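Visitor: The following file, target_17.pdb, comprises PDB, C-alpha atoms, pLDDT in the B column:
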ATOM      1  CA  MET A 259       0.000   0.000   0.000  1.00 85.00           C
ATOM      2  CA  ILE A 260       1.123   3.538  -0.765  1.00 87.00           C
ATOM      3  CA  ASN A 261      -0.133   6.495   1.272  1.00 89.00           C
ATOM      4  CA  ILE A 262      -0.171   9.959  -0.251  1.00 91.00           C
ATOM      5  CA  VAL A 263      -0.549  12.735   2.308  1.00 90.00           C
ATOM      6  CA  ILE A 264      -1.458  16.226   1.133  1.00 91.00           C
ATOM      7  CA  GLU A 265      -0.660  18.911   3.671  1.00 91.00           C
ATOM      8  CA  GLY A 266      -0.809  22.660   3.688  1.00 92.00           C
ATOM      9  CA  PRO A 267      -2.595  25.569   5.306  1.00 92.00           C
ATOM     10  CA  GLU A 268      -6.319  26.221   4.997  1.00 89.00           C
ATOM     11  CA  GLU A 269      -7.397  27.314   1.483  1.00 88.00           C
ATOM     12  CA  SER A 270      -4.058  26.282  -0.038  1.00 92.00           C
ATOM     13  CA  GLY A 271      -5.549  23.957  -2.672  1.00 92.00           C
ATOM     14  CA  LYS A 272      -5.186  20.609  -0.909  1.00 91.00           C
ATOM     15  CA  SER A 273      -8.609  19.354  -1.957  1.00 91.00           C
ATOM     16  CA  HIS A 274      -8.050  20.367  -5.571  1.00 94.00           C
ATOM     17  CA  LEU A 275      -4.680  18.620  -5.678  1.00 95.00           C
ATOM     18  CA  MET A 276      -6.132  15.461  -4.075  1.00 92.00           C
ATOM     19  CA  ALA A 277      -8.912  15.422  -6.648  1.00 93.00           C
ATOM     20  CA  LEU A 278      -6.500  15.951  -9.553  1.00 95.00           C
ATOM     21  CA  ILE A 279      -4.106  13.212  -8.438  1.00 95.00           C
ATOM     22  CA  GLY A 280      -6.966  10.828  -7.659  1.00 93.00           C
ATOM     23  CA  LYS A 281      -8.668  11.372 -11.023  1.00 93.00           C
ATOM     24  CA  HIS A 282      -5.409  10.833 -12.901  1.00 95.00           C
ATOM     25  CA  LEU A 283      -4.550   7.631 -11.057  1.00 96.00           C
ATOM     26  CA  ARG A 284      -8.071   6.237 -11.538  1.00 94.00           C
ATOM     27  CA  GLU A 285      -7.896   7.038 -15.258  1.00 95.00           C
ATOM     28  CA  GLN A 286      -4.761   4.869 -15.350  1.00 96.00           C
ATOM     29  CA  GLY A 287      -6.780   1.990 -13.894  1.00 97.00           C
ATOM     30  CA  LEU A 288      -5.411   2.162 -10.370  1.00 97.00           C
ATOM     31  CA  ASP A 289      -7.472   1.477  -7.252  1.00 96.00           C
ATOM     32  CA  VAL A 290      -7.534   4.800  -5.372  1.00 94.00           C
ATOM     33  CA  ASN A 291      -9.398   5.666  -2.189  1.00 90.00           C
ATOM     34  CA  ILE A 292      -9.701   9.381  -1.472  1.00 87.00           C
ATOM     35  CA  GLN A 293     -10.731   9.511   2.166  1.00 83.00           C
ATOM     36  CA  SER A 294     -12.604  12.816   2.089  1.00 72.00           C
ATOM     37  CA  GLU A 295     -14.123  12.319  -1.366  1.00 61.00           C
ATOM     38  CA  HIS A 296     -17.739  11.868  -0.242  1.00 67.00           C
ATOM     39  CA  THR A 297     -17.762  14.374   2.600  1.00 70.00           C
ATOM     40  CA  HIS A 298     -16.445  17.940   2.545  1.00 71.00           C
ATOM     41  CA  ASN A 299     -14.647  17.571  -0.810  1.00 79.00           C
ATOM     42  CA  ALA A 300     -17.580  16.273  -2.860  1.00 83.00           C
ATOM     43  CA  ALA A 301     -17.939  19.487  -4.912  1.00 87.00           C
ATOM     44  CA  VAL A 302     -14.235  19.616  -5.732  1.00 90.00           C
ATOM     45  CA  MET A 303     -14.294  15.958  -6.805  1.00 88.00           C
ATOM     46  CA  GLU A 304     -16.960  16.870  -9.388  1.00 90.00           C
ATOM     47  CA  MET A 305     -14.593  19.309 -11.147  1.00 94.00           C
ATOM     48  CA  ASN A 306     -12.812  18.241 -14.321  1.00 95.00           C
ATOM     49  CA  ALA A 307      -9.016  18.169 -14.614  1.00 95.00           C
ATOM     50  CA  ALA A 308      -8.812  21.526 -16.427  1.00 96.00           C
ATOM     51  CA  GLU A 309     -10.765  23.253 -13.651  1.00 96.00           C
ATOM     52  CA  LEU A 310      -8.574  21.668 -10.994  1.00 96.00           C
ATOM     53  CA  VAL A 311      -5.372  22.665 -12.783  1.00 96.00           C
ATOM     54  CA  GLU A 312      -6.640  26.221 -13.224  1.00 96.00           C
ATOM     55  CA  HIS A 313      -7.183  26.481  -9.474  1.00 94.00           C
ATOM     56  CA  LEU A 314      -3.651  25.202  -8.780  1.00 96.00           C
ATOM     57  CA  THR A 315      -1.656  27.197 -11.343  1.00 95.00           C
ATOM     58  CA  GLU A 316      -0.527  29.868  -8.862  1.00 91.00           C
ATOM     59  CA  ARG A 317       0.427  27.328  -6.195  1.00 94.00           C
ATOM     60  CA  LYS A 318       3.904  25.975  -5.489  1.00 95.00           C
ATOM     61  CA  ILE A 319       3.754  22.189  -5.087  1.00 94.00           C
ATOM     62  CA  ILE A 320       6.555  20.297  -3.352  1.00 93.00           C
ATOM     63  CA  ILE A 321       6.670  16.507  -3.638  1.00 92.00           C
ATOM     64  CA  THR A 322       8.704  14.638  -1.037  1.00 91.00           C
ATOM     65  CA  GLY A 323       9.299  10.889  -1.049  1.00 90.00           C
ATOM     66  CA  LEU A 324       9.731   9.151   2.295  1.00 88.00           C
ATOM     67  CA  ARG A 325      10.563   5.516   2.863  1.00 88.00           C
ATOM     68  CA  THR A 326       8.865   3.738   5.733  1.00 87.00           C
ATOM     69  CA  PHE A 327       9.850   0.436   7.213  1.00 85.00           C
ATOM     70  CA  SER A 328       7.340  -2.341   7.738  1.00 75.00           C
TER      71      SER A 328
END
Spit out the file's structure as structure tokens when you get a sec.
Guide:
Amino acid sequence: MINIVIEGPEESGKSHLMALIGKHLREQGLDVNIQSEHTHNAAVMEMNAAELVEHLTERKIIITGLRTFS
């Protein structure tokens, strides 16, 4: 299992980035569970990729890979 954690301050675009990543991975046929998809992020999840990208264009996104030990 791989966990993707999106963190940032309030109104930073976290929900939009989660939706964009989730949509892309599902389109590739991967099994993705977005934990807040059916609660407070339902409206964002309805947006298409272009709308999500437009919302994120002014944001700086940092991706960090961490290895965990099982």
Visitor: For Asn291 in chain A, find every residue with an atom within 12 Å (counting all atoms listed in the file), except residues of its own chain fewer than 4 positions away, and show them as a ChimeraX atom specification.
Guide: /A:259-262,276-277,279-281,283-284,295-296
Visitor: Quick one, how far is CA of Gly271 in chain A from CA of Arg317 in chain A?
Guide: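 Those two atoms sit 7.7 Å apart.
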Visitor: As a check of understanding, name the residues that the PyMOL selection byres ((chain A and resi 298-306) around 10) selects in the supplied structure, as number ranges by chain.
Guide: A: 272-278, 280-281, 292-297, 307-311
Visitor: Please measure the separation of CA of Glu316 in chain A and CA of Ser270 in chain A, giving the value in Å to one decimal.
Guide: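 A separation of 10.2 Å between them.
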Visitor: Calculate how many Å separate CA of Glu269 in chain A from CA of Ile321 in chain A, rounding to one decimal.
Guide: 18.5 Å
Visitor: Around all of range 262-268 of chain A's listed atoms, make the axis-aligned box with 8 Å on each side and tell me centre and edge lengths in Å to one decimal, as AutoDock Vina command-line options.
Guide:
--center_x -3.2 --center_y 18.1 --center_z 2.5 --size_x 22.1 --size_y 32.3 --size_z 21.6
